[in-house]
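Trainee: Supplied structure: structure-v5.txt, compact mmCIF, C-alpha atoms (C1' of nucleotides).
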# COMPACT_ATOMS: atom_id res chain seq x y z
CA MET A 890 -59.40 -37.01 -193.23
CA THR A 891 -60.28 -40.66 -192.81
CA LYS A 892 -58.66 -42.21 -189.79
CA SER A 893 -56.60 -45.33 -190.32
CA PRO A 894 -58.06 -48.50 -188.77
CA SER A 895 -55.44 -48.41 -185.99
CA GLU A 896 -56.69 -45.01 -184.83
CA THR A 897 -60.37 -45.75 -184.60
CA SER A 898 -61.91 -46.98 -181.37
CA TYR A 899 -62.68 -50.11 -183.31
CA HIS A 900 -59.80 -51.92 -185.02
CA HIS A 901 -56.40 -52.35 -183.41
CA LYS A 902 -53.16 -52.98 -185.24
CA ASP A 903 -52.52 -56.03 -183.15
CA LEU A 904 -54.88 -56.35 -180.22
CA ARG A 905 -53.34 -59.66 -179.20
CA GLN A 906 -49.93 -58.09 -178.65
CA SER A 907 -51.46 -55.02 -176.99
CA LEU A 908 -53.25 -57.23 -174.48
CA ILE A 909 -50.06 -59.08 -173.58
CA LYS A 910 -48.21 -55.79 -173.18
CA ALA A 911 -50.96 -54.30 -171.01
CA ALA A 912 -51.07 -57.44 -168.87
CA LEU A 913 -47.30 -57.24 -168.37
CA GLU A 914 -47.54 -53.59 -167.35
CA LEU A 915 -50.35 -54.24 -164.88
CA ILE A 916 -48.56 -57.27 -163.44
CA ALA A 917 -45.38 -55.23 -162.98
CA GLN A 918 -47.38 -52.69 -160.94
CA LYS A 919 -48.97 -55.27 -158.69
CA GLN A 920 -47.43 -57.22 -155.85
CA ASP A 921 -50.11 -59.83 -156.25
CA ALA A 922 -50.65 -60.98 -159.81
CA SER A 923 -53.68 -63.05 -158.82
CA THR A 924 -55.69 -59.82 -158.52
CA LEU A 925 -55.21 -59.15 -162.23
CA SER A 926 -58.51 -59.33 -164.08
CA LEU A 927 -59.11 -59.78 -167.77
CA ARG A 928 -61.59 -56.91 -167.70
CA GLU A 929 -58.89 -54.69 -166.25
CA VAL A 930 -56.54 -55.57 -169.10
CA ALA A 931 -59.29 -54.89 -171.63
CA ARG A 932 -60.05 -51.53 -169.97
CA ARG A 933 -56.39 -50.48 -170.12
CA VAL A 934 -56.28 -51.24 -173.83
CA GLY A 935 -59.59 -49.41 -174.30
CA VAL A 936 -61.58 -52.32 -175.58
CA SER A 937 -64.72 -54.15 -174.46
CA ASN A 938 -64.84 -57.03 -171.96
CA ALA A 939 -65.48 -59.52 -174.70
CA ALA A 940 -62.80 -58.37 -177.14
CA PRO A 941 -59.94 -60.45 -175.65
CA TYR A 942 -61.89 -63.60 -176.46
CA ARG A 943 -61.23 -63.04 -180.17
CA HIS A 944 -57.50 -63.60 -179.45
CA PHE A 945 -57.36 -65.83 -176.38
CA ALA A 946 -59.51 -68.80 -175.49
CA ASP A 947 -59.71 -67.57 -171.90
CA LYS A 948 -57.83 -65.72 -169.18
CA ASP A 949 -55.40 -68.60 -168.70
CA ALA A 950 -54.42 -68.43 -172.35
CA LEU A 951 -53.43 -64.77 -171.96
CA LEU A 952 -51.47 -65.58 -168.83
CA ALA A 953 -49.75 -68.40 -170.70
CA ALA A 954 -48.58 -65.89 -173.30
CA VAL A 955 -47.34 -63.60 -170.52
CA ALA A 956 -45.54 -66.54 -168.89
CA GLU A 957 -43.95 -67.53 -172.18
CA GLU A 958 -42.49 -64.05 -172.55
CA GLY A 959 -41.12 -64.35 -169.02
CA PHE A 960 -39.29 -67.58 -169.76
CA HIS A 961 -37.69 -66.03 -172.84
CA ILE A 962 -36.39 -63.14 -170.72
CA LEU A 963 -35.19 -65.55 -168.03
CA THR A 964 -33.31 -67.60 -170.64
CA ARG A 965 -31.53 -64.47 -171.85
CA CYS A 966 -30.61 -63.52 -168.25
CA LEU A 967 -29.17 -66.96 -167.57
CA ASN A 968 -27.18 -67.10 -170.80
CA SER A 969 -25.81 -63.62 -170.31
CA SER A 970 -24.68 -64.46 -166.75
CA ILE A 971 -22.79 -67.49 -168.06
CA GLU A 972 -21.10 -65.44 -170.78
CA LYS A 973 -19.95 -62.93 -168.17
CA ALA A 974 -18.52 -65.65 -165.91
CA SER A 975 -15.10 -67.26 -166.15
CA ASP A 976 -14.34 -70.44 -168.10
CA ASP A 977 -14.82 -72.62 -165.01
CA PRO A 978 -18.02 -74.67 -165.43
CA LEU A 979 -18.63 -74.56 -161.68
CA GLU A 980 -18.45 -70.78 -161.63
CA GLN A 981 -20.74 -70.65 -164.65
CA LEU A 982 -23.26 -72.84 -162.86
CA GLN A 983 -23.15 -70.66 -159.77
CA ALA A 984 -23.44 -67.49 -161.84
CA SER A 985 -26.55 -68.81 -163.55
CA GLY A 986 -28.08 -69.79 -160.21
CA ILE A 987 -27.54 -66.31 -158.79
CA ALA A 988 -28.86 -64.72 -161.99
CA TYR A 989 -31.95 -66.91 -161.68
CA VAL A 990 -32.72 -65.63 -158.19
CA LYS A 991 -32.03 -62.04 -159.22
CA PHE A 992 -34.44 -62.33 -162.14
CA ALA A 993 -37.18 -63.66 -159.88
CA ILE A 994 -36.88 -60.92 -157.27
CA SER A 995 -36.71 -58.25 -159.98
CA HIS A 996 -39.98 -59.42 -161.55
CA PRO A 997 -41.84 -61.08 -158.67
CA SER A 998 -45.37 -60.99 -160.06
CA HIS A 999 -44.25 -62.02 -163.51
CA TYR A 1000 -42.26 -64.89 -162.01
CA ARG A 1001 -45.33 -66.11 -160.12
CA VAL A 1002 -47.43 -66.04 -163.28
CA MET A 1003 -44.74 -68.05 -165.08
CA PHE A 1004 -44.87 -70.80 -162.51
CA SER A 1005 -48.60 -70.90 -162.11
CA ALA A 1006 -49.02 -71.18 -165.89
CA PHE A 1007 -46.23 -73.61 -166.74
CA LYS A 1008 -47.04 -77.30 -166.43
CA ALA A 1009 -44.55 -79.84 -167.78
CA ASP A 1010 -47.29 -82.41 -168.36
CA ASN A 1011 -49.80 -80.03 -169.90
CA LEU A 1012 -49.71 -79.71 -173.67
CA CYS A 1013 -52.31 -76.94 -173.87
CA TYR A 1014 -49.75 -74.23 -174.58
CA PRO A 1015 -46.88 -75.75 -176.58
CA PRO A 1016 -44.98 -72.43 -176.96
CA LEU A 1017 -45.05 -71.98 -173.17
CA ASN A 1018 -43.73 -75.49 -172.66
CA ALA A 1019 -40.95 -74.87 -175.17
CA ALA A 1020 -40.01 -71.60 -173.46
CA GLY A 1021 -39.91 -73.24 -170.04
CA GLU A 1022 -37.77 -76.11 -171.28
CA GLU A 1023 -35.48 -73.65 -173.04
CA ALA A 1024 -34.75 -71.93 -169.70
CA PHE A 1025 -34.31 -75.25 -167.91
CA ALA A 1026 -31.92 -76.40 -170.63
CA VAL A 1027 -29.49 -73.62 -169.71
CA LEU A 1028 -29.17 -75.05 -166.19
CA MET A 1029 -28.95 -78.57 -167.52
CA ASP A 1030 -26.23 -77.68 -170.04
CA ALA A 1031 -24.21 -75.95 -167.32
CA ILE A 1032 -24.30 -79.14 -165.28
CA ALA A 1033 -23.47 -81.32 -168.29
CA ASN A 1034 -20.45 -79.09 -168.97
CA GLY A 1035 -19.30 -79.54 -165.39
CA GLN A 1036 -19.64 -83.28 -165.71
CA GLN A 1037 -17.72 -83.40 -169.00
CA ALA A 1038 -14.95 -81.33 -167.41
CA GLY A 1039 -14.83 -83.91 -164.61
CA LYS A 1040 -15.75 -81.30 -162.00
CA ILE A 1041 -19.28 -82.53 -161.21
CA GLN A 1042 -20.15 -86.07 -160.26
CA GLY A 1043 -21.30 -88.16 -163.21
CA GLY A 1044 -24.64 -89.83 -163.60
CA GLU A 1045 -28.13 -88.47 -163.88
CA THR A 1046 -27.67 -85.01 -165.37
CA GLN A 1047 -31.41 -84.36 -165.45
CA GLN A 1048 -31.86 -85.23 -161.79
CA LEU A 1049 -28.98 -82.97 -160.75
CA ALA A 1050 -30.54 -80.20 -162.83
CA TRP A 1051 -33.89 -80.74 -161.07
CA VAL A 1052 -32.13 -80.46 -157.72
CA THR A 1053 -30.40 -77.25 -158.74
CA TRP A 1054 -33.63 -75.84 -160.11
CA SER A 1055 -35.40 -76.75 -156.85
CA LEU A 1056 -32.83 -74.81 -154.85
CA VAL A 1057 -33.01 -71.58 -156.84
CA HIS A 1058 -36.77 -71.82 -157.39
CA GLY A 1059 -37.37 -72.40 -153.68
CA LEU A 1060 -35.14 -69.52 -152.67
CA ALA A 1061 -36.80 -67.30 -155.26
CA MET A 1062 -40.30 -68.17 -154.03
CA LEU A 1063 -39.46 -67.70 -150.35
CA LEU A 1064 -37.91 -64.31 -151.14
CA ILE A 1065 -40.77 -63.18 -153.37
CA ASP A 1066 -43.39 -64.15 -150.81
CA HIS A 1067 -41.45 -62.48 -148.00
CA GLN A 1068 -41.06 -65.72 -146.12
CA LEU A 1069 -37.45 -65.02 -145.22
CA THR A 1070 -36.68 -62.11 -142.93
CA ILE A 1071 -34.36 -60.50 -145.46
CA THR A 1072 -34.97 -57.28 -147.25
CA ASP A 1073 -31.50 -55.94 -147.97
CA GLU A 1074 -30.50 -56.58 -151.57
CA GLN A 1075 -26.92 -57.47 -150.61
CA ASP A 1076 -28.04 -60.01 -148.00
CA ILE A 1077 -30.18 -61.66 -150.65
CA VAL A 1078 -27.18 -62.06 -152.93
CA SER A 1079 -25.20 -63.47 -149.98
CA VAL A 1080 -27.77 -66.15 -149.33
CA ALA A 1081 -27.99 -66.95 -153.05
CA GLU A 1082 -24.20 -67.33 -153.10
CA LEU A 1083 -24.20 -69.54 -150.01
CA ALA A 1084 -27.00 -71.67 -151.42
CA THR A 1085 -25.43 -72.25 -154.83
CA GLN A 1086 -21.95 -72.66 -153.35
CA SER A 1087 -23.14 -75.29 -150.87
CA LEU A 1088 -25.07 -77.34 -153.41
CA ILE A 1089 -22.34 -77.19 -156.06
CA ASN A 1090 -19.81 -78.21 -153.43
CA GLY A 1091 -21.98 -81.20 -152.64
CA MET A 1092 -22.29 -82.18 -156.30
CA LYS A 1093 -18.54 -81.99 -156.98
CA ALA A 1094 -16.76 -84.98 -158.42
CA LYS A 1095 -14.73 -86.76 -155.77
CA THR A 1096 -11.06 -85.85 -156.24
CA PRO A 1097 -9.00 -89.04 -156.23
CA MET B 254 -89.12 -81.60 -127.72
CA THR B 255 -87.15 -78.40 -127.94
CA LYS B 256 -84.08 -78.74 -130.14
CA SER B 257 -80.75 -77.79 -128.66
CA PRO B 258 -79.16 -74.70 -130.20
CA SER B 259 -76.64 -76.86 -132.06
CA GLU B 260 -79.41 -78.66 -133.94
CA THR B 261 -81.38 -75.69 -135.19
CA SER B 262 -80.62 -74.14 -138.56
CA TYR B 263 -79.61 -71.10 -136.59
CA HIS B 264 -76.96 -71.50 -133.89
CA HIS B 265 -73.90 -73.67 -134.32
CA LYS B 266 -71.82 -75.12 -131.54
CA ASP B 267 -68.71 -73.63 -132.97
CA LEU B 268 -69.21 -72.18 -136.42
CA ARG B 269 -65.63 -70.94 -136.52
CA GLN B 270 -64.23 -74.45 -136.20
CA SER B 271 -66.83 -75.86 -138.60
CA LEU B 272 -65.79 -73.34 -141.24
CA ILE B 273 -62.12 -74.26 -140.91
CA LYS B 274 -62.95 -77.94 -141.13
CA ALA B 275 -65.16 -77.45 -144.19
CA ALA B 276 -62.48 -75.37 -145.88
CA LEU B 277 -59.91 -78.09 -145.23
CA GLU B 278 -62.21 -80.73 -146.70
CA LEU B 279 -62.93 -78.66 -149.80
CA ILE B 280 -59.25 -77.83 -150.27
CA ALA B 281 -58.33 -81.51 -149.98
CA GLN B 282 -60.75 -82.28 -152.81
CA LYS B 283 -59.41 -79.61 -155.14
CA GLN B 284 -56.20 -79.57 -157.12
CA ASP B 285 -56.37 -75.79 -157.25
CA ALA B 286 -57.07 -74.17 -153.91
CA SER B 287 -57.40 -70.74 -155.50
CA THR B 288 -60.83 -71.77 -156.77
CA LEU B 289 -62.09 -72.13 -153.21
CA SER B 290 -64.74 -69.55 -152.42
CA LEU B 291 -65.97 -68.38 -149.07
CA ARG B 292 -69.56 -68.80 -150.22
CA GLU B 293 -68.80 -72.42 -151.06
CA VAL B 294 -67.48 -73.02 -147.54
CA ALA B 295 -70.57 -71.36 -146.06
CA ARG B 296 -72.82 -73.47 -148.28
CA ARG B 297 -71.12 -76.70 -147.15
CA VAL B 298 -71.65 -75.76 -143.52
CA GLY B 299 -75.25 -74.81 -144.30
CA VAL B 300 -75.03 -71.20 -143.34
CA SER B 301 -75.59 -67.88 -145.11
CA ASN B 302 -72.97 -65.99 -147.17
CA ALA B 303 -72.56 -63.43 -144.45
CA ALA B 304 -72.25 -65.78 -141.48
CA PRO B 305 -68.48 -66.35 -141.78
CA TYR B 306 -67.93 -62.64 -141.23
CA ARG B 307 -68.99 -63.04 -137.58
CA HIS B 308 -65.88 -65.23 -137.06
CA PHE B 309 -63.35 -64.08 -139.65
CA ALA B 310 -62.53 -60.58 -140.80
CA ASP B 311 -62.40 -61.77 -144.40
CA LYS B 312 -61.56 -64.71 -146.63
CA ASP B 313 -57.82 -64.30 -145.98
CA ALA B 314 -58.38 -64.67 -142.25
CA LEU B 315 -60.06 -68.04 -142.76
CA LEU B 316 -57.24 -69.15 -145.05
CA ALA B 317 -54.76 -68.02 -142.40
CA ALA B 318 -56.44 -70.34 -139.90
CA VAL B 319 -56.30 -73.16 -142.44
CA ALA B 320 -52.62 -72.44 -143.07
CA GLU B 321 -51.88 -72.40 -139.36
CA GLU B 322 -53.35 -75.86 -139.00
CA GLY B 323 -51.17 -77.00 -141.89
CA PHE B 324 -47.98 -75.79 -140.23
CA HIS B 325 -48.89 -77.65 -137.02
CA ILE B 326 -49.32 -80.87 -138.98
CA LEU B 327 -46.07 -80.25 -140.85
CA THR B 328 -44.22 -79.72 -137.57
CA ARG B 329 -45.49 -83.05 -136.28
CA CYS B 330 -44.41 -84.80 -139.51
CA LEU B 331 -40.91 -83.34 -139.30
CA ASN B 332 -40.47 -84.19 -135.61
CA SER B 333 -41.74 -87.70 -136.11
CA SER B 334 -39.34 -88.28 -139.01
CA ILE B 335 -36.43 -87.20 -136.82
CA GLU B 336 -37.49 -89.51 -134.02
CA LYS B 337 -37.61 -92.41 -136.44
CA ALA B 338 -34.12 -91.66 -137.79
CA SER B 339 -30.80 -92.78 -136.34
CA ASP B 340 -28.73 -90.74 -133.89
CA ASP B 341 -26.66 -89.18 -136.65
CA PRO B 342 -27.57 -85.48 -136.99
CA LEU B 343 -26.91 -85.60 -140.73
CA GLU B 344 -29.31 -88.49 -141.18
CA GLN B 345 -31.86 -86.69 -139.04
CA LEU B 346 -31.55 -83.60 -141.23
CA GLN B 347 -31.99 -85.65 -144.39
CA ALA B 348 -34.95 -87.50 -142.92
CA SER B 349 -36.69 -84.24 -142.08
CA GLY B 350 -36.04 -82.91 -145.58
CA ILE B 351 -37.57 -85.98 -147.17
CA ALA B 352 -40.51 -85.85 -144.75
CA TYR B 353 -41.03 -82.22 -145.72
CA VAL B 354 -41.35 -83.06 -149.41
CA LYS B 355 -43.61 -86.02 -148.66
CA PHE B 356 -45.93 -83.84 -146.60
CA ALA B 357 -46.18 -81.29 -149.40
CA ILE B 358 -47.03 -83.80 -152.12
CA SER B 359 -49.54 -85.54 -149.83
CA HIS B 360 -51.43 -82.28 -149.20
CA PRO B 361 -50.69 -80.17 -152.27
CA SER B 362 -53.56 -77.68 -152.03
CA HIS B 363 -53.14 -77.26 -148.30
CA TYR B 364 -49.42 -76.71 -148.77
CA ARG B 365 -50.09 -74.00 -151.34
CA VAL B 366 -52.52 -72.23 -149.02
CA MET B 367 -49.91 -72.35 -146.26
CA PHE B 368 -47.35 -70.58 -148.39
CA SER B 369 -49.67 -68.04 -149.89
CA ALA B 370 -50.92 -67.07 -146.42
CA PHE B 371 -47.67 -67.09 -144.44
CA LYS B 372 -45.63 -63.88 -144.56
CA ALA B 373 -42.67 -63.52 -142.19
CA ASP B 374 -42.96 -59.74 -142.20
CA ASN B 375 -46.72 -59.60 -141.79
CA LEU B 376 -48.00 -59.45 -138.25
CA CYS B 377 -51.71 -59.67 -139.17
CA TYR B 378 -52.01 -63.29 -138.04
CA PRO B 379 -49.67 -63.89 -135.09
CA PRO B 380 -50.73 -67.54 -134.57
CA LEU B 381 -49.93 -68.28 -138.21
CA ASN B 382 -46.54 -66.67 -137.86
CA ALA B 383 -45.83 -68.69 -134.73
CA ALA B 384 -46.88 -71.93 -136.46
CA GLY B 385 -44.68 -71.20 -139.46
CA GLU B 386 -41.68 -70.42 -137.30
CA GLU B 387 -42.32 -73.53 -135.24
CA ALA B 388 -41.97 -75.68 -138.37
CA PHE B 389 -38.91 -73.79 -139.53
CA ALA B 390 -37.35 -74.22 -136.10
CA VAL B 391 -37.30 -78.00 -136.58
CA LEU B 392 -35.05 -77.61 -139.62
CA MET B 393 -32.93 -75.03 -137.87
CA ASP B 394 -32.47 -77.21 -134.76
CA ALA B 395 -31.46 -80.15 -136.93
CA ILE B 396 -28.75 -78.02 -138.49
CA ALA B 397 -27.63 -76.62 -135.15
CA ASN B 398 -27.31 -80.19 -133.85
CA GLY B 399 -25.14 -81.09 -136.82
CA GLN B 400 -22.94 -78.07 -136.17
CA GLN B 401 -22.58 -78.89 -132.47
CA ALA B 402 -21.62 -82.45 -133.38
CA GLY B 403 -18.95 -81.01 -135.67
CA LYS B 404 -20.52 -82.59 -138.73
CA ILE B 405 -21.83 -79.44 -140.41
CA GLN B 406 -19.75 -76.38 -141.14
CA GLY B 407 -19.99 -73.71 -138.46
CA GLY B 408 -21.25 -70.20 -138.90
CA GLU B 409 -24.61 -68.81 -139.85
CA THR B 410 -27.09 -71.44 -138.73
CA GLN B 411 -30.07 -69.40 -139.87
CA GLN B 412 -28.66 -68.91 -143.34
CA LEU B 413 -27.93 -72.62 -143.73
CA ALA B 414 -31.48 -73.33 -142.58
CA TRP B 415 -32.83 -70.91 -145.19
CA VAL B 416 -30.81 -72.70 -147.85
CA THR B 417 -32.11 -76.09 -146.74
CA TRP B 418 -35.65 -74.77 -146.62
CA SER B 419 -35.24 -73.32 -150.12
CA LEU B 420 -34.21 -76.70 -151.46
CA VAL B 421 -37.11 -78.70 -150.03
CA HIS B 422 -39.66 -75.93 -150.63
CA GLY B 423 -38.52 -75.56 -154.24
CA LEU B 424 -38.67 -79.28 -154.87
CA ALA B 425 -42.07 -79.45 -153.20
CA MET B 426 -43.47 -76.62 -155.32
CA LEU B 427 -42.08 -77.96 -158.59
CA LEU B 428 -43.56 -81.37 -157.80
CA ILE B 429 -46.94 -80.01 -156.70
CA ASP B 430 -47.26 -77.85 -159.80
CA HIS B 431 -46.23 -80.72 -162.07
CA GLN B 432 -43.21 -78.85 -163.34
CA LEU B 433 -40.97 -81.90 -163.18
CA THR B 434 -41.71 -84.81 -165.47
CA ILE B 435 -42.01 -87.24 -162.57
CA THR B 436 -45.15 -88.97 -161.47
CA ASP B 437 -43.91 -92.19 -159.91
CA GLU B 438 -43.91 -91.98 -156.12
CA GLN B 439 -40.61 -93.85 -155.82
CA ASP B 440 -38.86 -91.55 -158.31
CA ILE B 441 -40.01 -88.58 -156.25
CA VAL B 442 -38.41 -90.03 -153.14
CA SER B 443 -35.23 -90.71 -155.15
CA VAL B 444 -34.95 -87.09 -156.21
CA ALA B 445 -35.69 -85.91 -152.67
CA GLU B 446 -32.90 -88.17 -151.43
CA LEU B 447 -30.46 -86.96 -154.06
CA ALA B 448 -31.36 -83.34 -153.31
CA THR B 449 -30.96 -83.54 -149.55
CA GLN B 450 -27.88 -85.79 -149.85
CA SER B 451 -26.15 -83.37 -152.22
CA LEU B 452 -26.83 -80.28 -150.16
CA ILE B 453 -25.91 -81.89 -146.85
CA ASN B 454 -22.73 -83.19 -148.44
CA GLY B 455 -21.91 -79.62 -149.49
CA MET B 456 -22.59 -78.25 -146.01
CA LYS B 457 -20.43 -80.84 -144.24
CA ALA B 458 -17.62 -79.68 -141.98
CA LYS B 459 -14.28 -80.11 -143.68
CA THR B 460 -12.59 -83.18 -142.26
CA PRO B 461 -9.04 -82.26 -141.27
C1' DA C 614 -63.14 -60.73 -189.67
C1' DC C 615 -63.30 -58.21 -185.53
C1' DC C 616 -65.56 -55.83 -181.93
C1' DT C 617 -69.64 -54.18 -178.78
C1' DG C 618 -73.61 -54.52 -175.45
C1' DA C 619 -76.07 -56.94 -172.70
C1' DA C 620 -76.66 -60.82 -170.20
C1' DC C 621 -75.67 -65.00 -166.98
C1' DA C 622 -73.76 -67.14 -163.13
C1' DC C 623 -70.67 -66.48 -160.06
C1' DC C 624 -67.59 -63.81 -156.41
C1' DG C 625 -66.22 -60.91 -151.68
C1' DT C 626 -68.18 -57.91 -148.64
C1' DT C 627 -71.57 -54.92 -146.11
C1' DC C 628 -75.57 -53.81 -143.42
C1' DA C 629 -80.11 -53.37 -141.90
C1' DA C 630 -83.15 -56.48 -140.03
C1' DG C 631 -84.53 -60.64 -137.67
C1' DT C 632 -84.24 -64.27 -133.35
C1' DA D 524 -74.75 -62.27 -129.49
C1' DC D 525 -75.25 -64.52 -133.73
C1' DC D 526 -77.29 -65.18 -138.11
C1' DT D 527 -80.20 -64.01 -142.53
C1' DG D 528 -81.66 -61.48 -146.81
C1' DA D 529 -80.87 -58.40 -149.90
C1' DA D 530 -77.87 -55.46 -151.97
C1' DC D 531 -73.39 -53.51 -154.19
C1' DA D 532 -69.50 -53.72 -156.97
C1' DC D 533 -66.89 -56.65 -159.00
C1' DC D 534 -65.50 -61.08 -161.84
C1' DG D 535 -65.07 -64.73 -166.26
C1' DT D 536 -67.49 -65.98 -170.13
C1' DT D 537 -71.03 -66.19 -173.88
C1' DC D 538 -73.65 -64.65 -177.75
C1' DA D 539 -76.56 -62.08 -180.64
C1' DA D 540 -75.94 -58.01 -182.96
C1' DG D 541 -73.37 -54.33 -185.12
C1' DT D 542 -69.39 -52.44 -188.62
Starting from the file, give its structure as structure tokens.

Mentor:
Amino acid sequence: MTKSPSETSYHHKDLRQSLIKAALELIAQKQDASTLSLREVARRVGVSNAAPYRHFADKDALLAAVAEEGFHILTRCLNSSIEKASDDPLEQLQASGIAYVKFAISHPSHYRVMFSAFKADNLCYPPLNAAGEEAFAVLMDAIANGQQAGKIQGGETQQLAWVTWSLVHGLAMLLIDHQLTITDEQDIVSVAELATQSLINGMKAKTP
Amino acid sequence: MTKSPSETSYHHKDLRQSLIKAALELIAQKQDASTLSLREVARRVGVSNAAPYRHFADKDALLAAVAEEGFHILTRCLNSSIEKASDDPLEQLQASGIAYVKFAISHPSHYRVMFSAFKADNLCYPPLNAAGEEAFAVLMDAIANGQQAGKIQGGETQQLAWVTWSLVHGLAMLLIDHQLTITDEQDIVSVAELATQSLINGMKAKTP
DNA sequence: ACCTGAACACCGTTCAAGT
DNA sequence: ACCTGAACACCGTTCAAGT
């Protein structure tokens, strides 16, 4: 009986993917992702301290891969919330904003890693950049739809999308870091509704 | 000539205050405050690794003191922006929002330390909590003034303040972390104006 | 080609010992 | 009372050496 390479303590089928998976599992268990160590990830996979360096340039590169995965999941959450909403572009925009906040509070540590890894001006991790822009594009498209339907004020679509992103990102961060005195899940959704409702109201096209 | 205690390599006049000051200086120099080490702070003050532990329980306690100082400065910035504004409560609210974002981008590392240290539900550092609430109270008062003047919709003042805080905090964080493709100082102010203008517009009392 | 073992330069933190 | 020196248990990262 010769063991297959994947069963020995030596070769792994795909150590790269195993490391990302282990990092995700450890991050999900922690309330503070900054305490995650590369050695800890290696230990969980059952590999030496140095092994990850065959697949990632450094710790940041692994976290970038983890962040990329997070943006893909976020994009799916946002798209699915829009599909579930009505045909009204304004309701779609609000639904995606609420879904955004819900995603963040459901995966707090993962969300923090996403936003400590993602830099719009940094071209070190192109797939991460693409994943981040893909998620942002959902918000931006929702606003563009509202503008084309004449329900949102015209003009700088990108700037309005930045403003919307700021609102949901800020609320998400304050909630994740326990900087608002809210704990009840329903109260969180209420504030998210008030926030998105207020901003969208303020961005509405002026009815003649 | 006997040297005074403050001049020997041994006693300091006020090592506690010197450590906070050194930490602030080091943080101001760094773009990433998470790389700040306690040993580095001790080295800059010219004291042993263990010395800080006579004045702070641990590294977090020093960072809490640094964060507290940050919230005091922020409070002064917000109040001063309101004093400079017109009598209109809505303009005062917008001015404080813009001042908030300007403070954050002027002291990015300090701002990050403030929001990684401050926890509304954590009573470990009461002075930090008080300083954080003091800054938040400026925003909340501005909104309450707008409500009393009949210019902002009535109801949950605290929730509206949370929403406003979310907007400026989110914009601040996205700017600090270079997640928006803006670098020009004037463009930043433009977005901050658009953001605060849009939200305030959406929170306005309905004119009969 | 892929991984290990051992090493280097750092941490945060503790504690006996010095003044 | 306040600080030092040395130690402990951790890191991230590198590199010769193993398979």

Trainee: Can you pull out every residue within 10 Å of segment 526-530 of chain D, counting all atoms listed in the file, but drop anything in the same chain fewer than 2 positions away, and send it as a ChimeraX atom specification?

Mentor: /B:262-265,300-305,307 /C:627-632 /D:524,532

Trainee: Atom CA of Asp947 of chain A and atom CA of Ala931 of chain A, how far apart in Å?

Mentor: 12.7 Å

Trainee: Using all atoms listed in the file, which protein or nucleic acid residues come within 10 Å of Trp1051 of chain A? Drop anything in the same chain fewer than 3 positions from it, and give the result as a PyMOL selection string.

Mentor: (chain A and resi 1025+1028-1029+1046-1048+1054-1056) or (chain B and resi 423-424+427+432-434+444+447-448)

Trainee: Within 8 Å of DC624 of chain C, counting only C-alpha atoms (C1' of nucleotides), which residues show up once you throw out same-chain ones fewer than 5 positions away? Write them as a VMD selection string, please.

Mentor: (chain B and resid 290) or (chain D and resid 533 to 534)

Trainee: Would you work out the distance separating atom CA of Ala1081 of chain A from atom CA of Asn968 of chain A, expressed in Å to one decimal?

Mentor: 17.8 Å

Trainee: Do you know which residues are at most 9 Å from Ala988 of chain A counting only C-alpha atoms (C1' of nucleotides), after dropping those on the same chain fewer than 2 positions away, and could you put them as a PyMOL selection string?

Mentor: chain A and resi 963+966-967+969-970+983-986+990-993

Trainee: For atom CA of Thr924 of chain A and atom CA of Leu951 of chain A, quote the distance in Å rounded to one decimal.

Mentor: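 So the two atoms, atom CA of Thr924 of chain A and atom CA of Leu951 of chain A, lie 14.5 Å apart.
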